[in-house]
Structures are given as structure tokens and as C-alpha cells.
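K.L.:
I am attaching a structure below and will ask some questions about it afterwards.
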Amino acid sequence: MIQLTDVFKIYGENGQYRALCGVNLTIDTGEYIALRGRSGAGKSTLLHILGGMERVTKGEYLFLGQRVDQFTEKELNCFRRENVSFVFQNFALMHQYSVEENVELPLLFKKMPKKMRQQIIEEKLEKVGLLEMKQKPVFTLSGGEQQRCSIARALAADTPLILADEPTGALDEQTGEQIMELLDGLNREGKTILLVTHDEKIAAHAKRELMLRDGKLV
């Protein structure tokens, strides 16, 4: 699915900060990978590049045979919409919207009938245990419920790749385990998941573990 070849990400006009230094990585369809490393090691940068949110400075990024590093901005927008879902530590929800409106967002781009959208929304909310809360504003939910909402949104988008950046970082241990059970289930259904975490127990859910140190995979 994914092939990174000698990927660099360099910031600053004089190239004084190298967030990634010659990363080579292959991810097969259906893999479940944990990415660990100290703060500043380049984990989030790598995640953002894989998700098409940042461009590589140098190197190649292939996704299902396509050169993502050569995409135009329009092509990158399309790539993100069709292939990638994000689950963030801060949930990244539209707080002024209801639960169902947040889950509906990725479906609006697909131009499907409202009845079909509603069916998908209810199916995904039921799966994460939030169906009875669908009319509630997101800001009234607990942290765990907000993360369930973000996972329901990822489910509705139905993309092959899910990128999770410290998805349990803002949650207590019990709620975090519940969120990980949902992600484990998505992987069993065939979704490819890359999970960034500092927590060894959370990383143990994955089937392969990578370590970043000073912008390099070790």
C-alpha cells in the first residue's frame, strides 16, 4: 500500500531543522503498526506526510502505486478525502455541530442521497455506542465519547488507511482501552492502521512496532 523511499522533511529557510532524515518504510494493506519515539523524534511529521497534510522535502511517497509527493494541491485534497481518516488526541471535531453532523461531514463530499447518509450515520454511531446521543452538541460529550465520535466519522468515511495520533492521550486508562478495542476491530475488518503513541501498553495492540529517533527509523 505505502512505500517511502529516502524521505526527508526539512524546515527553515536554511534547512536548519531536519524532522525526517532519509526514512524508508513499507506498509502493506491491512497492517496494524505502532510508531513510537520521544517528543520531537518526527512521529507526527511522518503521520502528516502519510496523510497528505504535509509534503516531503526530498524523497518518494508511493500510495497504491501513485506518486503522492508529485500531487498537485487539488490531487492531495482528493487523496486525503478518498484514502485517509485521522483520529487525533484532541478529537478534531466541530464543537458547534451535533454528533451526527460531525459524522456526516465526510459523507457530504460523496454526494449521496440524504436517506443513505442517515443510514450510514446511524449504523456507525450504533457501532461506537453513541446512537442515542446523535442529537447532542459535541461539546457536551466526555472525552471518551468525543473520541468515539471521531472514530464513527472515520468509519463513515470508509477509507482504507486510518492514522491515529495519540488517540488515547487525553483519556483515562479504562476509556483508552475501550477506544483501542474499537481500533483493533477496525483492523480485523481490514483497515490499515498506523498508530502514534508513547504508551507501551497501547503500542502492544499493534502487530508491528516502529521506533523513530532524531528523524530516523531505528
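In the C-alpha cells, chains take letters A, B, ... by order of appearance, with residues numbered from 1 within each chain and ligands from 1 in the order shown.
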With a distance cut-off of 10 Å and only C-alpha atoms, select the neighbouring residues of Leu64 (chain A), excluding the residue or stretch itself and same-chain residues fewer than 4 positions from it, and output the selection as a PyMOL selection string.
P.N.:
chain A and resi 1-3+28-29+68
K.L.:
Keeping only C-alpha atoms, write the selected residues as an mmCIF file, in the first residue's frame.
P.N.:
data_model
loop_
_atom_site.group_PDB
_atom_site.id
_atom_site.type_symbol
_atom_site.label_atom_id
_atom_site.label_comp_id
_atom_site.auth_asym_id
_atom_site.auth_seq_id
_atom_site.Cartn_x
_atom_site.Cartn_y
_atom_site.Cartn_z
ATOM 1 C CA MET A 1 0.000 0.000 0.000
ATOM 2 C CA ILE A 2 2.638 2.543 1.107
ATOM 3 C CA GLN A 3 6.276 2.903 0.110
ATOM 4 C CA ASP A 28 1.212 -3.475 3.447
ATOM 5 C CA THR A 29 -2.559 -3.363 3.155
ATOM 6 C CA VAL A 68 1.833 11.323 -3.737
#
K.L.:
For region 175-182 of chain A, find every residue with an atom within 10 Å (counting only C-alpha atoms), except residues of its own chain fewer than 2 positions away, and show them as an mmCIF file with C-alpha atoms, in the first residue's frame.
P.N.:
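Result went into selection31.cif, see below:
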data_model
loop_
_atom_site.group_PDB
_atom_site.id
_atom_site.type_symbol
_atom_site.label_atom_id
_atom_site.label_comp_id
_atom_site.auth_asym_id
_atom_site.auth_seq_id
_atom_site.Cartn_x
_atom_site.Cartn_y
_atom_site.Cartn_z
ATOM 1 C CA LYS A 127 -21.200 0.607 16.352
ATOM 2 C CA VAL A 128 -19.368 3.002 18.721
ATOM 3 C CA GLY A 143 -13.518 12.936 26.219
ATOM 4 C CA GLY A 144 -14.135 9.253 25.589
ATOM 5 C CA GLU A 145 -17.443 9.976 23.861
ATOM 6 C CA GLN A 147 -13.126 10.117 20.611
ATOM 7 C CA ARG A 148 -15.875 7.584 19.818
ATOM 8 C CA ILE A 151 -13.919 7.065 15.189
ATOM 9 C CA ALA A 152 -17.515 6.957 13.916
ATOM 10 C CA PRO A 167 -5.758 8.652 20.246
ATOM 11 C CA THR A 168 -5.847 7.770 23.958
ATOM 12 C CA GLY A 169 -3.532 10.537 25.185
ATOM 13 C CA ALA A 170 -6.331 12.679 26.648
ATOM 14 C CA LEU A 171 -8.276 9.766 28.151
ATOM 15 C CA ASP A 172 -8.154 7.745 31.352
ATOM 16 C CA GLU A 173 -6.756 4.215 31.129
ATOM 17 C CA ASP A 184 -8.481 -3.290 16.969
ATOM 18 C CA GLY A 185 -11.865 -4.179 15.491
ATOM 19 C CA LEU A 186 -11.322 -1.890 12.520
ATOM 20 C CA ASN A 187 -8.032 -3.615 11.771
ATOM 21 C CA ARG A 188 -9.720 -7.025 11.945
ATOM 22 C CA LYS A 201 0.602 -0.883 26.538
ATOM 23 C CA ILE A 202 -1.181 0.940 23.722
ATOM 24 C CA ALA A 203 1.569 0.025 21.247
ATOM 25 C CA HIS A 205 -2.237 -3.643 20.428
ATOM 26 C CA ALA A 206 -0.407 -3.313 17.091
#
K.L.:
Within 9 Å of Glu104 (chain A), counting only C-alpha atoms, which residues show up once you throw out same-chain ones fewer than 2 positions away? Write them as a PyMOL selection string, please.
P.N.:
chain A and resi 99-102+106-108+117-118+120-121+153+156-157
K.L.:
Using CA of Ala204 (chain A) and CA of Ala19 (chain A) as the two end points, give the distance in Å to one decimal.
P.N.:
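Between CA of Ala204 (chain A) and CA of Ala19 (chain A) the gap works out to 25.5 Å.
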K.L.:
Point out the residue among A:His198, A:Arg81, A:Lys74, A:Arg67 with the least atom-to-atom distance to Leu210 (chain A), counting only C-alpha atoms.
P.N.:
A:His198
K.L.:
Could you pull out the residues in region 2-179 of chain A that DSSP calls strand (DSSP E) from the backbone, as a VMD selection string?
P.N.:
chain A and resid 2 to 11 17 to 27 32 to 36 58 to 63 66 to 67 84 to 88 161 to 165
K.L.:
Select from region 6-212 of chain A everything DSSP, run on the backbone, classes as alpha helix (DSSP H), then give the selection as an MDAnalysis selection string.
P.N.:
chainID A and resid 43:50 73:83 99:108 114:127 143:157 173:188 200:203
K.L.:
Restrict the selected residues to C-alpha atoms and save them as a short mmCIF file (atom, residue, chain, number, x, y, z; two decimals), in the first residue's frame.
P.N.:
data_model
loop_
_atom_site.label_atom_id
_atom_site.label_comp_id
_atom_site.auth_asym_id
_atom_site.auth_seq_id
_atom_site.Cartn_x
_atom_site.Cartn_y
_atom_site.Cartn_z
CA LYS A 43 6.36 10.92 14.63
CA SER A 44 3.65 13.48 13.90
CA THR A 45 5.57 14.78 10.89
CA LEU A 46 5.69 11.29 9.41
CA LEU A 47 1.98 10.83 10.11
CA HIS A 48 1.14 14.14 8.41
CA ILE A 49 3.18 13.19 5.34
CA LEU A 50 1.45 9.81 5.07
CA GLU A 73 -2.91 20.62 -4.19
CA LYS A 74 -6.18 19.55 -5.81
CA GLU A 75 -4.94 15.98 -6.14
CA LEU A 76 -3.78 16.00 -2.49
CA ASN A 77 -7.23 17.12 -1.33
CA CYS A 78 -8.80 14.28 -3.30
CA PHE A 79 -6.21 11.81 -1.95
CA ARG A 80 -6.99 12.74 1.67
CA ARG A 81 -10.74 12.58 1.15
CA GLU A 82 -10.72 9.18 -0.53
CA ASN A 83 -7.92 7.36 1.26
CA VAL A 99 -22.67 14.26 16.94
CA GLU A 100 -24.48 13.18 13.78
CA GLU A 101 -23.44 16.33 11.91
CA ASN A 102 -19.78 15.59 12.68
CA VAL A 103 -20.12 12.03 11.43
CA GLU A 104 -21.90 13.26 8.31
CA LEU A 105 -19.06 15.60 7.24
CA PRO A 106 -17.06 13.10 5.13
CA LEU A 107 -20.28 11.86 3.51
CA LEU A 108 -21.21 15.31 2.20
CA LYS A 114 -29.71 12.18 2.47
CA LYS A 115 -31.52 8.95 3.33
CA MET A 116 -28.41 6.93 2.55
CA ARG A 117 -26.24 9.32 4.58
CA GLN A 118 -28.58 8.98 7.55
CA GLN A 119 -28.47 5.19 7.34
CA ILE A 120 -24.66 5.19 7.40
CA ILE A 121 -24.52 7.72 10.26
CA GLU A 122 -26.83 5.66 12.45
CA GLU A 123 -25.02 2.43 11.63
CA LYS A 124 -21.61 3.88 12.60
CA LEU A 125 -22.89 5.61 15.72
CA GLU A 126 -24.51 2.40 16.88
CA LYS A 127 -21.20 0.61 16.35
CA GLY A 143 -13.52 12.94 26.22
CA GLY A 144 -14.14 9.25 25.59
CA GLU A 145 -17.44 9.98 23.86
CA GLN A 146 -15.79 12.61 21.66
CA GLN A 147 -13.13 10.12 20.61
CA ARG A 148 -15.88 7.58 19.82
CA CYS A 149 -17.49 10.25 17.65
CA SER A 150 -14.22 10.82 15.78
CA ILE A 151 -13.92 7.06 15.19
CA ALA A 152 -17.51 6.96 13.92
CA ARG A 153 -16.57 9.74 11.49
CA ALA A 154 -13.61 7.67 10.30
CA LEU A 155 -15.92 4.69 9.87
CA ALA A 156 -18.35 6.76 7.83
CA ALA A 157 -15.54 7.98 5.56
CA GLU A 173 -6.76 4.22 31.13
CA GLN A 174 -10.11 2.39 31.06
CA THR A 175 -11.60 4.66 28.39
CA GLY A 176 -8.37 4.43 26.42
CA GLU A 177 -8.63 0.65 26.35
CA GLN A 178 -12.20 0.91 25.07
CA ILE A 179 -11.02 3.17 22.24
CA MET A 180 -8.23 0.72 21.41
CA GLU A 181 -10.75 -2.13 21.23
CA LEU A 182 -12.61 -0.15 18.56
CA LEU A 183 -9.39 0.39 16.58
CA ASP A 184 -8.48 -3.29 16.97
CA GLY A 185 -11.86 -4.18 15.49
CA LEU A 186 -11.32 -1.89 12.52
CA ASN A 187 -8.03 -3.61 11.77
CA ARG A 188 -9.72 -7.02 11.95
CA GLU A 200 3.95 0.69 25.55
CA LYS A 201 0.60 -0.88 26.54
CA ILE A 202 -1.18 0.94 23.72
CA ALA A 203 1.57 0.02 21.25
#
K.L.:
With a distance cut-off of 9 Å and only C-alpha atoms, select the neighbouring residues of Gly30 (chain A), excluding the residue or stretch itself and same-chain residues fewer than 4 positions from it, and output the selection as a list in words.
P.N.:
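So, after excluding close chain neighbours, the residues are Met1, Pro160, Leu161, Asn187, Arg188, Glu189, Gly190, Lys191, Thr192 and Ile193 of chain A.
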K.L.:
Just to be explicit: take each residue in the selection above, keep N, CA and C atoms, and write the result as a tab-separated table (two decimals), in the first residue's frame.
P.N.:
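In the end it all went to part15.tsv:
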chain	number	residue	atom	x	y	z
A	1	MET	N	0.82	-1.21	0.00
A	1	MET	CA	0.00	0.00	0.00
A	1	MET	C	0.86	1.27	0.00
A	160	PRO	N	-9.32	3.38	3.33
A	160	PRO	CA	-8.51	2.19	3.60
A	160	PRO	C	-7.44	2.41	4.67
A	161	LEU	N	-7.05	3.68	4.92
A	161	LEU	CA	-5.97	3.98	5.85
A	161	LEU	C	-6.49	4.85	7.00
A	187	ASN	N	-9.11	-2.89	12.44
A	187	ASN	CA	-8.03	-3.61	11.77
A	187	ASN	C	-8.48	-5.03	11.39
A	188	ARG	N	-9.23	-5.68	12.27
A	188	ARG	CA	-9.72	-7.02	11.95
A	188	ARG	C	-10.63	-7.00	10.72
A	189	GLU	N	-11.29	-5.84	10.50
A	189	GLU	CA	-12.16	-5.71	9.33
A	189	GLU	C	-11.38	-5.36	8.06
A	190	GLY	N	-10.06	-5.18	8.20
A	190	GLY	CA	-9.23	-4.96	7.01
A	190	GLY	C	-8.64	-3.58	6.86
A	191	LYS	N	-8.93	-2.67	7.79
A	191	LYS	CA	-8.37	-1.32	7.70
A	191	LYS	C	-6.88	-1.34	8.05
A	192	THR	N	-6.11	-0.57	7.33
A	192	THR	CA	-4.69	-0.38	7.64
A	192	THR	C	-4.59	0.75	8.66
A	193	ILE	N	-3.90	0.50	9.77
A	193	ILE	CA	-3.83	1.48	10.86
A	193	ILE	C	-2.39	1.75	11.23
K.L.:
For each of A:Gln96, A:Ser85, A:Ser39, A:Thr140, take the minimum atom-to-atom distance to Met211 (chain A), counting only C-alpha atoms, then give the residue where this is smallest.
P.N.:
A:Ser39
